[in-house]
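Q: Coordinates in work.txt, compact mmCIF, C-alpha atoms and all ligand atoms, are listed below.
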# COMPACT_ATOMS: atom_id res chain seq x y z
CA MET F 271 97.88 119.01 125.13
CA SER F 272 96.35 122.39 125.74
CA VAL F 273 99.28 124.70 126.20
CA ASP F 274 100.80 126.09 123.01
CA VAL F 275 103.90 128.24 123.20
CA ILE F 276 105.12 131.26 121.25
CA VAL F 277 108.82 132.11 121.61
CA GLY F 278 111.31 134.40 119.93
CA VAL F 279 114.01 132.53 118.04
CA GLN F 280 116.49 135.41 117.75
CA TRP F 281 117.62 138.13 120.21
CA GLY F 282 114.20 139.42 121.23
CA ASP F 283 111.90 142.01 119.65
CA GLU F 284 110.95 139.58 116.89
CA GLY F 285 107.34 140.82 117.00
CA LYS F 286 106.07 138.27 119.54
CA GLY F 287 103.44 140.69 120.86
CA ARG F 288 101.60 141.14 117.58
CA VAL F 289 101.96 137.44 116.71
CA VAL F 290 100.48 136.49 120.11
CA ASP F 291 97.64 138.95 119.47
CA PHE F 292 96.86 137.12 116.22
CA TYR F 293 96.97 133.58 117.62
CA ALA F 294 95.15 134.56 120.84
CA ARG F 295 91.84 134.48 118.95
CA ASP F 296 91.84 130.72 119.48
CA TYR F 297 92.81 130.62 123.17
CA ASP F 298 91.02 131.10 126.49
CA VAL F 299 94.08 132.29 128.43
CA VAL F 300 97.22 134.12 127.33
CA ALA F 301 100.03 133.69 129.86
CA ARG F 302 103.47 135.21 130.26
CA PHE F 303 105.84 132.58 131.65
CA GLY F 304 109.13 134.39 132.16
CA GLY F 305 111.01 137.64 132.26
CA GLY F 306 109.69 140.90 133.60
CA ASP F 307 109.41 144.48 132.44
CA ASN F 308 112.61 144.14 130.44
CA ALA F 309 110.16 142.92 127.78
CA GLY F 310 108.39 145.41 125.53
CA HIS F 311 105.73 143.81 123.36
CA SER F 312 103.99 146.22 121.02
CA LEU F 313 100.59 146.08 119.41
CA VAL F 314 99.63 148.62 116.77
CA VAL F 315 95.96 149.49 116.40
CA ARG F 316 95.09 151.97 113.66
CA GLY F 317 98.41 153.75 113.94
CA GLU F 318 98.48 153.80 117.75
CA THR F 319 101.09 151.70 119.55
CA ILE F 320 100.39 149.96 122.85
CA ALA F 321 103.66 148.78 124.41
CA LEU F 322 103.16 146.06 127.03
CA ARG F 323 105.84 145.03 129.51
CA LEU F 324 104.15 142.60 131.87
CA VAL F 325 100.54 142.20 130.81
CA PRO F 326 100.22 139.45 128.17
CA SER F 327 99.59 140.50 124.58
CA GLY F 328 96.09 138.98 124.46
CA ILE F 329 94.46 142.23 125.69
CA LEU F 330 92.72 142.95 122.39
CA GLN F 331 90.90 139.62 122.36
CA PRO F 332 88.07 140.44 124.77
CA HIS F 333 87.36 136.81 125.68
CA ALA F 334 90.94 136.03 126.75
CA GLU F 335 92.01 135.84 130.39
CA LEU F 336 95.48 137.21 131.06
CA PHE F 337 97.92 135.50 133.42
CA ILE F 338 101.40 136.35 134.66
CA GLY F 339 103.06 133.07 135.65
CA GLY F 340 105.33 132.06 138.50
CA GLY F 341 108.40 132.20 136.27
CA CYS F 342 108.09 135.98 135.95
CA VAL F 343 109.58 138.77 138.02
CA VAL F 344 107.20 141.64 138.57
CA ASN F 345 107.91 145.27 139.31
CA PRO F 346 104.73 146.33 141.15
CA ARG F 347 104.99 149.94 140.00
CA THR F 348 105.27 148.94 136.33
CA LEU F 349 102.29 146.62 136.59
CA ILE F 350 100.10 149.21 138.27
CA ASP F 351 101.04 151.78 135.61
CA GLU F 352 100.25 149.19 132.97
CA PHE F 353 96.81 148.55 134.46
CA ALA F 354 96.15 152.28 133.94
CA LEU F 355 97.49 152.11 130.39
CA ILE F 356 95.31 149.20 129.32
CA GLY F 357 92.36 150.77 131.14
CA LYS F 358 92.75 153.80 128.87
CA HIS F 359 92.42 151.46 125.91
CA GLY F 360 89.20 150.02 127.28
CA VAL F 361 90.77 146.84 128.65
CA ASP F 362 89.61 145.83 132.13
CA PRO F 363 92.61 145.15 134.42
CA GLN F 364 90.40 142.66 136.30
CA ARG F 365 91.20 140.25 133.47
CA VAL F 366 94.79 140.05 134.72
CA SER F 367 95.76 137.43 137.33
CA LEU F 368 99.17 137.07 138.86
CA SER F 369 100.80 133.91 140.21
CA ASP F 370 101.60 133.93 143.92
CA ARG F 371 104.98 132.43 143.00
CA ALA F 372 106.15 135.25 140.77
CA HIS F 373 108.94 137.24 142.37
CA VAL F 374 108.94 140.93 143.13
CA VAL F 375 111.43 143.33 141.57
CA LEU F 376 112.34 145.83 144.28
CA PRO F 377 113.89 149.30 143.91
CA ALA F 378 117.11 147.79 145.34
CA HIS F 379 117.23 145.36 142.36
CA VAL F 380 117.00 148.22 139.91
CA GLU F 381 119.73 150.10 141.74
CA ALA F 382 121.98 147.03 141.81
CA ASP F 383 121.42 146.44 138.06
CA LEU F 384 122.39 150.03 137.21
CA ARG F 385 125.35 150.01 139.59
CA ARG F 386 126.78 146.74 138.23
CA GLU F 387 126.42 147.94 134.66
CA ALA F 388 128.23 151.18 135.52
CA GLU F 389 130.99 149.20 137.25
CA ARG F 390 131.48 147.05 134.18
CA GLY F 391 132.19 150.15 132.11
CA THR F 392 133.07 149.16 128.56
CA GLN F 393 132.32 145.53 129.49
CA ALA F 394 128.68 146.35 130.30
CA LEU F 395 126.06 143.86 129.13
CA GLY F 396 123.69 146.61 128.04
CA THR F 397 120.85 145.43 130.27
CA THR F 398 117.51 147.18 130.21
CA GLY F 399 118.27 148.49 133.70
CA ARG F 400 115.05 147.09 135.14
CA GLY F 401 116.61 145.05 137.95
CA ILE F 402 115.89 141.76 136.23
CA GLY F 403 119.27 140.07 136.86
CA PRO F 404 119.41 140.98 140.58
CA ALA F 405 115.77 139.88 141.10
CA TYR F 406 116.40 136.45 139.55
CA ALA F 407 119.70 136.20 141.46
CA ASP F 408 117.84 136.78 144.74
CA ARG F 409 115.28 134.16 143.77
CA ALA F 410 118.06 131.62 143.12
CA SER F 411 119.79 132.65 146.37
CA ARG F 412 116.52 132.04 148.23
CA VAL F 413 116.30 135.56 149.55
CA GLY F 414 113.74 136.87 147.04
CA ILE F 415 110.23 138.00 147.86
CA THR F 416 107.33 136.19 146.28
CA MET F 417 104.18 138.00 145.22
CA ARG F 418 102.31 136.08 147.93
CA ARG F 419 104.64 137.34 150.67
CA PHE F 420 104.71 140.85 149.25
CA CYS F 421 100.93 141.08 149.35
CA ASP F 422 100.50 139.35 152.72
CA GLU F 423 103.12 141.27 154.62
CA ALA F 424 103.66 144.62 153.02
CA GLU F 425 101.64 147.61 154.05
CA SER F 426 102.60 149.47 150.90
CA PRO F 427 99.82 150.89 148.74
CA GLU F 428 101.24 148.93 145.81
CA ALA F 429 100.74 145.60 147.60
CA LYS F 430 97.12 146.54 148.38
CA LEU F 431 96.46 147.30 144.71
CA LEU F 432 97.97 144.05 143.48
CA ALA F 433 96.61 141.68 146.16
CA PRO F 434 93.21 141.20 144.46
CA HIS F 435 95.01 139.94 141.34
CA VAL F 436 97.22 137.39 143.11
CA VAL F 437 96.06 133.78 142.77
CA ASP F 438 97.37 130.31 143.53
CA GLY F 439 99.09 130.06 140.14
CA VAL F 440 99.20 126.27 139.96
CA ALA F 441 95.52 125.92 140.83
CA TYR F 442 94.64 128.69 138.35
CA VAL F 443 96.37 126.98 135.43
CA HIS F 444 95.30 123.43 136.21
CA GLU F 445 91.66 124.19 136.97
CA ARG F 446 91.45 125.78 133.54
CA LEU F 447 93.21 122.89 131.82
CA GLU F 448 90.85 120.44 133.52
CA ARG F 449 87.90 122.42 132.17
CA GLY F 450 89.33 122.06 128.66
CA ALA F 451 90.58 125.64 128.34
CA ARG F 452 93.35 126.38 125.86
CA ILE F 453 96.35 128.33 127.09
CA LEU F 454 98.74 130.30 124.92
CA ALA F 455 102.12 130.76 126.61
CA GLU F 456 103.81 134.01 125.55
CA GLY F 457 107.57 134.03 125.63
CA ALA F 458 109.62 137.10 126.39
CA GLN F 459 113.08 137.97 125.04
CA GLY F 460 114.45 135.43 122.58
CA THR F 461 116.24 132.11 122.43
CA MET F 462 119.67 133.70 122.00
CA LEU F 463 119.08 135.63 125.26
CA ASP F 464 118.25 132.48 127.27
CA VAL F 465 120.30 132.27 130.47
CA VAL F 466 121.58 128.76 129.57
CA TYR F 467 121.19 128.38 125.81
CA GLY F 468 121.81 131.96 124.69
CA THR F 469 125.06 133.82 124.02
CA TYR F 470 126.16 133.66 127.67
CA PRO F 471 127.09 135.89 129.45
CA PHE F 472 125.37 138.36 127.10
CA VAL F 473 121.93 137.06 128.00
CA THR F 474 119.02 137.83 130.27
CA SER F 475 118.59 135.96 133.57
CA SER F 476 115.61 133.74 132.79
CA SER F 477 114.65 130.74 130.71
CA THR F 478 113.25 132.20 127.51
CA ILE F 479 112.88 128.96 125.55
CA ALA F 480 109.76 126.81 125.13
CA GLY F 481 110.82 124.58 128.05
CA GLY F 482 110.56 127.67 130.24
CA ALA F 483 106.78 127.55 129.73
CA CYS F 484 106.68 124.34 131.81
CA THR F 485 108.61 125.73 134.76
CA GLY F 486 107.17 129.21 134.35
CA LEU F 487 103.55 128.07 134.43
CA GLY F 488 103.87 124.90 136.51
CA VAL F 489 102.77 122.40 133.86
CA GLY F 490 104.39 119.15 132.78
CA PRO F 491 106.06 118.76 129.38
CA LYS F 492 103.18 116.62 128.16
CA ALA F 493 100.86 119.60 128.49
CA ILE F 494 102.72 121.38 125.70
CA GLY F 495 101.26 121.12 122.20
CA ARG F 496 102.54 123.33 119.43
CA VAL F 497 105.56 125.58 119.60
CA ILE F 498 105.53 128.62 117.29
CA GLY F 499 108.86 130.36 116.76
CA VAL F 500 108.74 134.05 115.91
CA ALA F 501 111.53 135.27 113.63
CA LYS F 502 112.14 138.62 112.03
CA ALA F 503 112.94 138.48 108.31
CA TYR F 504 116.35 139.89 109.36
CA CYS F 505 118.09 140.12 112.74
CA THR F 506 118.40 142.72 115.47
CA ARG F 507 120.03 142.85 118.86
CA VAL F 508 119.92 145.49 121.63
CA GLY F 509 122.80 145.55 124.06
CA ALA F 510 126.22 143.97 123.87
CA GLY F 511 127.28 140.49 122.77
CA PRO F 512 127.96 138.35 119.73
CA PHE F 513 125.94 139.12 116.60
CA PRO F 514 127.56 137.24 113.70
CA SER F 515 125.33 138.60 110.93
CA GLU F 516 125.57 142.26 112.04
CA LEU F 517 125.81 144.88 109.28
CA GLU F 518 127.56 148.16 109.89
CA ASN F 519 126.85 149.57 106.45
CA ARG F 520 124.11 150.98 104.23
CA ASP F 521 122.02 147.80 104.41
CA GLY F 522 122.15 147.86 108.22
CA GLU F 523 121.09 151.51 108.13
CA HIS F 524 118.19 150.62 105.79
CA LEU F 525 116.98 147.94 108.21
CA ARG F 526 117.21 150.28 111.22
CA LYS F 527 115.38 153.09 109.43
CA GLN F 528 112.72 151.12 107.57
CA GLY F 529 112.20 148.74 110.48
CA ARG F 530 112.19 151.55 113.08
CA GLU F 531 114.65 149.53 115.08
CA PHE F 532 114.78 151.45 118.33
CA GLY F 533 114.13 149.67 121.65
CA THR F 534 110.56 149.67 123.00
CA VAL F 535 111.78 149.79 126.61
CA THR F 536 114.97 151.86 126.38
CA GLY F 537 114.68 153.70 123.04
CA ARG F 538 118.22 152.52 122.18
CA PRO F 539 118.99 151.97 118.47
CA ARG F 540 118.96 148.23 117.80
CA ARG F 541 121.92 146.63 116.06
CA CYS F 542 120.77 145.24 112.70
CA GLY F 543 121.96 142.44 110.44
CA TRP F 544 120.93 139.76 107.97
CA PHE F 545 118.81 136.78 108.89
CA ASP F 546 121.05 134.32 110.73
CA ALA F 547 119.99 130.85 109.64
CA VAL F 548 122.60 129.18 111.86
CA ALA F 549 121.20 130.78 115.02
CA ALA F 550 117.61 130.22 113.90
CA ARG F 551 118.23 126.52 113.20
CA TYR F 552 119.76 126.20 116.66
CA ALA F 553 116.65 127.87 118.09
CA VAL F 554 114.37 125.49 116.20
CA ARG F 555 116.21 122.67 117.95
CA VAL F 556 116.27 123.92 121.51
CA ASN F 557 112.62 125.00 121.42
CA GLY F 558 111.21 122.14 119.35
CA VAL F 559 109.68 124.70 116.99
CA ASP F 560 106.80 123.28 114.90
CA ALA F 561 106.20 126.33 112.71
CA VAL F 562 107.56 129.83 112.23
CA ALA F 563 105.83 133.20 112.15
CA LEU F 564 108.03 135.49 110.06
CA THR F 565 107.69 139.21 110.79
CA LYS F 566 108.71 142.48 109.16
CA LEU F 567 109.08 141.13 105.64
CA ASP F 568 107.91 144.55 104.40
CA VAL F 569 111.10 146.13 105.78
CA LEU F 570 113.19 144.29 103.16
CA SER F 571 111.40 145.93 100.19
CA GLY F 572 113.87 148.04 98.21
CA ILE F 573 117.06 146.20 99.22
CA GLU F 574 118.83 145.07 96.05
CA ARG F 575 120.46 141.88 97.39
CA ILE F 576 119.30 140.32 100.66
CA GLY F 577 121.79 138.25 102.61
CA VAL F 578 121.23 135.23 104.83
CA VAL F 579 124.04 133.92 107.01
CA THR F 580 124.24 130.19 106.35
CA ALA F 581 127.44 129.16 108.16
CA TYR F 582 129.99 130.43 110.67
CA ALA F 583 133.64 129.97 109.76
CA SER F 584 136.15 129.13 112.48
CA ASP F 585 138.01 132.44 112.06
CA GLY F 586 134.95 134.36 113.24
CA ARG F 587 133.77 135.22 109.74
CA VAL F 588 130.45 134.13 108.31
CA GLU F 589 129.23 132.73 105.03
CA THR F 590 126.46 134.78 103.51
CA HIS F 591 124.16 133.60 100.76
CA TYR F 592 122.50 136.36 98.70
CA PHE F 593 118.98 136.48 97.31
CA ASP F 594 117.42 138.86 94.81
CA GLY F 595 115.48 141.63 96.50
CA TRP F 596 112.19 143.16 95.41
CA GLU F 597 110.92 146.71 94.95
CA GLU F 598 107.21 146.07 95.54
CA ASP F 599 105.41 147.24 98.67
CA VAL F 600 104.14 143.97 100.23
CA ARG F 601 102.03 145.55 102.99
CA GLY F 602 98.78 144.79 101.18
CA VAL F 603 99.50 141.09 100.65
CA ARG F 604 97.23 138.74 102.65
CA ARG F 605 98.15 135.35 101.20
CA ILE F 606 101.72 134.02 101.23
CA VAL F 607 101.25 132.74 97.67
CA ASP F 608 100.54 136.31 96.52
CA LEU F 609 103.94 137.68 97.58
CA PRO F 610 106.13 139.10 94.78
CA ARG F 611 108.20 136.32 93.26
CA SER F 612 111.52 137.22 94.91
CA ALA F 613 109.85 137.68 98.28
CA GLY F 614 108.19 134.28 97.96
CA THR F 615 111.53 132.73 97.03
CA TYR F 616 113.13 134.34 100.09
CA VAL F 617 110.44 132.97 102.44
CA GLN F 618 110.74 129.52 100.89
CA ALA F 619 114.52 129.61 101.27
CA LEU F 620 114.21 130.43 104.98
CA GLN F 621 111.70 127.63 105.37
CA ARG F 622 114.14 125.20 103.77
CA LEU F 623 117.04 126.40 105.87
CA LEU F 624 115.02 126.07 109.09
CA GLY F 625 113.40 122.76 108.24
CA VAL F 626 109.97 123.88 109.52
CA PRO F 627 107.07 125.60 107.76
CA VAL F 628 106.57 129.37 107.79
CA GLU F 629 102.84 129.54 108.49
CA LEU F 630 102.43 133.27 109.01
CA VAL F 631 104.18 136.21 107.34
CA CYS F 632 103.74 139.67 108.83
CA VAL F 633 103.95 142.51 106.31
CA GLY F 634 103.37 145.57 108.50
CA PRO F 635 102.84 146.45 112.16
CA GLU F 636 99.04 146.78 112.02
CA ARG F 637 97.01 143.85 113.31
CA ASP F 638 95.64 142.91 109.89
CA GLN F 639 98.93 143.29 108.01
CA LEU F 640 99.69 139.61 107.79
CA ALA F 641 99.62 136.83 105.21
CA GLN F 642 98.81 133.15 105.67
P1 LIG F 701 108.45 141.77 120.72
O1 LIG F 701 109.26 142.21 121.88
O2 LIG F 701 108.92 140.47 120.14
O3 LIG F 701 106.97 141.73 121.00
O4 LIG F 701 108.65 142.86 119.58
P2 LIG F 701 108.61 144.47 119.77
O5 LIG F 701 107.20 144.89 119.89
O6 LIG F 701 109.57 144.90 120.83
O7 LIG F 701 109.29 144.94 118.43
C1 LIG F 701 108.71 144.68 117.19
C2 LIG F 701 108.44 146.02 116.47
O8 LIG F 701 108.16 145.78 115.12
C3 LIG F 701 107.22 146.74 117.02
O9 LIG F 701 107.42 148.11 116.89
C4 LIG F 701 106.09 146.26 116.10
O10 LIG F 701 105.03 147.20 116.00
C5 LIG F 701 106.83 146.16 114.79
N1 LIG F 701 106.34 145.12 113.90
C6 LIG F 701 105.88 143.88 114.21
N2 LIG F 701 105.62 143.19 113.09
C7 LIG F 701 105.90 144.00 112.05
C8 LIG F 701 105.86 143.84 110.63
O11 LIG F 701 105.51 142.80 110.08
N3 LIG F 701 106.27 144.91 109.88
C9 LIG F 701 106.70 146.08 110.44
N4 LIG F 701 107.08 147.06 109.63
N5 LIG F 701 106.74 146.25 111.77
C10 LIG F 701 106.36 145.22 112.56
P1 LIG F 702 111.32 141.39 124.38
O1 LIG F 702 110.44 140.48 125.18
C1 LIG F 702 115.38 142.53 123.30
C2 LIG F 702 118.45 142.18 126.43
C3 LIG F 702 119.07 143.47 126.91
C4 LIG F 702 120.46 142.98 127.29
C5 LIG F 702 120.18 141.60 127.85
C6 LIG F 702 120.08 141.57 129.37
O2 LIG F 702 110.74 142.72 124.14
O3 LIG F 702 111.79 140.69 123.14
P2 LIG F 702 118.21 142.34 131.09
O4 LIG F 702 117.63 143.70 131.35
O5 LIG F 702 117.20 141.32 130.73
O6 LIG F 702 119.11 141.87 132.21
O7 LIG F 702 119.19 142.56 129.83
O8 LIG F 702 118.94 141.17 127.29
N1 LIG F 702 116.96 142.13 126.50
C7 LIG F 702 116.16 142.24 125.44
N2 LIG F 702 116.44 142.50 124.14
N3 LIG F 702 114.12 142.28 123.68
C8 LIG F 702 113.82 142.01 124.96
O9 LIG F 702 112.57 141.65 125.36
C9 LIG F 702 114.86 142.01 125.92
N4 LIG F 702 114.92 141.79 127.25
C10 LIG F 702 116.21 141.86 127.58
O10 LIG F 702 119.10 144.43 125.90
O11 LIG F 702 121.23 142.81 126.12
MG MG F 703 110.29 143.90 122.52
Translate the structure described by the file into structure tokens.
A:
Amino acid sequence: MSVDVIVGVQWGDEGKGRVVDFYARDYDVVARFGGGDNAGHSLVVRGETIALRLVPSGILQPHAELFIGGGCVVNPRTLIDEFALIGKHGVDPQRVSLSDRAHVVLPAHVEADLRREAERGTQALGTTGRGIGPAYADRASRVGITMRRFCDEAESPEAKLLAPHVVDGVAYVHERLERGARILAEGAQGTMLDVVYGTYPFVTSSSTIAGGACTGLGVGPKAIGRVIGVAKAYCTRVGAGPFPSELENRDGEHLRKQGREFGTVTGRPRRCGWFDAVAARYAVRVNGVDAVALTKLDVLSGIERIGVVTAYASDGRVETHYFDGWEEDVRGVRRIVDLPRSAGTYVQALQRLLGVPVELVCVGPERDQLAQ
């Protein structure tokens, strides 16, 4: 069992990128298995943010190979720009391989995405406008263009630049597994945005859950070992759709401000709310989560009473359980047991509500701002 999976258990932007960066120390390959450049995974190194859309978040671990799996949809322009970006940070783009079975996002997909959103008017989904839905729709309709075909047939300069990175994705993964390599599968988006198990139709168009790692990388379920669920210590959502624990008050404003909750890809303000234990428990189920990495605990410092949604009532309202807040700055804490008492109680309560251990607590965006 050499493929471990990291997935978001909320509505995306849980901090998967920085959590993957941390775990990647122990893996030979970090692989994206789904989604496209609708994802924005940020790493913060000494105050500087690197926002990745397609390249896996293992770039800062020099030993790690980087793989974009067949379950992904790839905008060639974005990937080429990203090669330049990581190059500037001293990361060799040669480390990136691309499955021949990934599909290409074409300019026509982007146009169709924007047009459909405009046509929906007030009913718009709030997509990232990257052509993701139309590209997956073409794949399902059997009229899409695979990376293999794009590179074999197209004369475009983009195809020439990407061709050296395109590999037989199944052979790539399995040759490494046979050699005993360990693969870390990096999820994009979050469980509640999964095309089947999310808040349909306010979802993305791919399988974002742990099972998606099997189809997205071409491995059997028995290859999967651990599943780590990434959860923010509160909730956010970009775009339209149900958000039961949403706060449209001072506490929501605090979370948006302190947590800098503005989209990595679109810059849109993220909707903010309390931790939703109902949704997170559901996510633990559909992913088979073994342990949770809790992020952004530092953002809660200074809130007097911190809510957690523990049940949905049939009339659309929610039940919220309140916990004592804490004033202390927790960014310097490196061991979970050293958290201020109320913060420790909060983490333990989430652990109990989810039924799985919280094994990592992130207390700031920098790579070393985490507690175990
Ligand atoms: P992803 O899409 O799941 O990888 O998450 P994003 O990178 O889109 O959004 C997470 C944001 O929170 C980024 O700006 C991170 O730098 C930041 N972040 C991650 N972990 C922490 C944390 O523990 N504390 C704070 N304050 N910021 C964090
Ligand atoms: P990461 O990987 C947060 C949301 C969009 C919209 C819906 C559909 O950074 O967590 P799409 O463009 O995929 O058709 O949009 O899904 N969405 C995300 N929200 N984080 C993401 O990725 C997202 N990717 C898509 O805002 O509501
Ligand atoms: Mg993101």
Q: Skipping near chain neighbours, those fewer than 6 positions away, what residues fall within 12 Å of Tyr406 (chain F) using all atoms listed in the file, listed as an MDAnalysis selection string?
A: chainID F and resid 304:306 340:344 372:376 379:380 383 400 412:416 465 474:477
Q: Would you name the residues within 8 Å of ligand MG 703 (chain F), counting all atoms listed in the file, and put them as a PDB file with C-alpha atoms, in the frame of the given file?
A:
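Result file pocket36.pdb:
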ATOM      1  CA  GLY F 282     114.200 139.420 121.230  1.00  0.00           C
ATOM      2  CA  ASP F 283     111.900 142.010 119.650  1.00  0.00           C
ATOM      3  CA  GLU F 284     110.950 139.580 116.890  1.00  0.00           C
ATOM      4  CA  GLY F 285     107.340 140.820 117.000  1.00  0.00           C
ATOM      5  CA  LYS F 286     106.070 138.270 119.540  1.00  0.00           C
ATOM      6  CA  GLY F 287     103.440 140.690 120.860  1.00  0.00           C
ATOM      7  CA  ALA F 309     110.160 142.920 127.780  1.00  0.00           C
ATOM      8  CA  GLY F 310     108.390 145.410 125.530  1.00  0.00           C
ATOM      9  CA  HIS F 311     105.730 143.810 123.360  1.00  0.00           C
ATOM     10  CA  SER F 312     103.990 146.220 121.020  1.00  0.00           C
ATOM     11  CA  ALA F 458     109.620 137.100 126.390  1.00  0.00           C
ATOM     12  CA  GLN F 459     113.080 137.970 125.040  1.00  0.00           C
ATOM     13  CA  GLY F 533     114.130 149.670 121.650  1.00  0.00           C
ATOM     14  CA  THR F 534     110.560 149.670 123.000  1.00  0.00           C
ATOM     15  CA  VAL F 535     111.780 149.790 126.610  1.00  0.00           C
TER      16      VAL F 535
END
Q: Which of these residues is nearest to Arg409 (chain F), using all atoms listed in the file: F:Arg365, F:Arg371, F:Ala378, F:Leu609?
A: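 Among F:Arg365, F:Arg371, F:Ala378, F:Leu609, it is F:Arg371 that comes nearest to Arg409 (chain F).
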Q: When you draw a straight line from CA of Gly529 (chain F) to CA of Val315 (chain F), how long is it in Å?
A: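 Interatomic distance, CA of Gly529 (chain F) to CA of Val315 (chain F): 17.3 Å.
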Q: Mind pulling up the distance from CA of Val500 (chain F) to CA of Val559 (chain F)?
A: 9.5 Å
Q: Write out as a PyMOL selection string each polymer residue whose atoms come within 12 Å of region 348-355 of chain F, counting only C-alpha atoms; drop sequence neighbours fewer than 6 positions from it.
A: chain F and resi 306-310+319-326+329+336+338+361-368+374-377+400+427-433+435+535
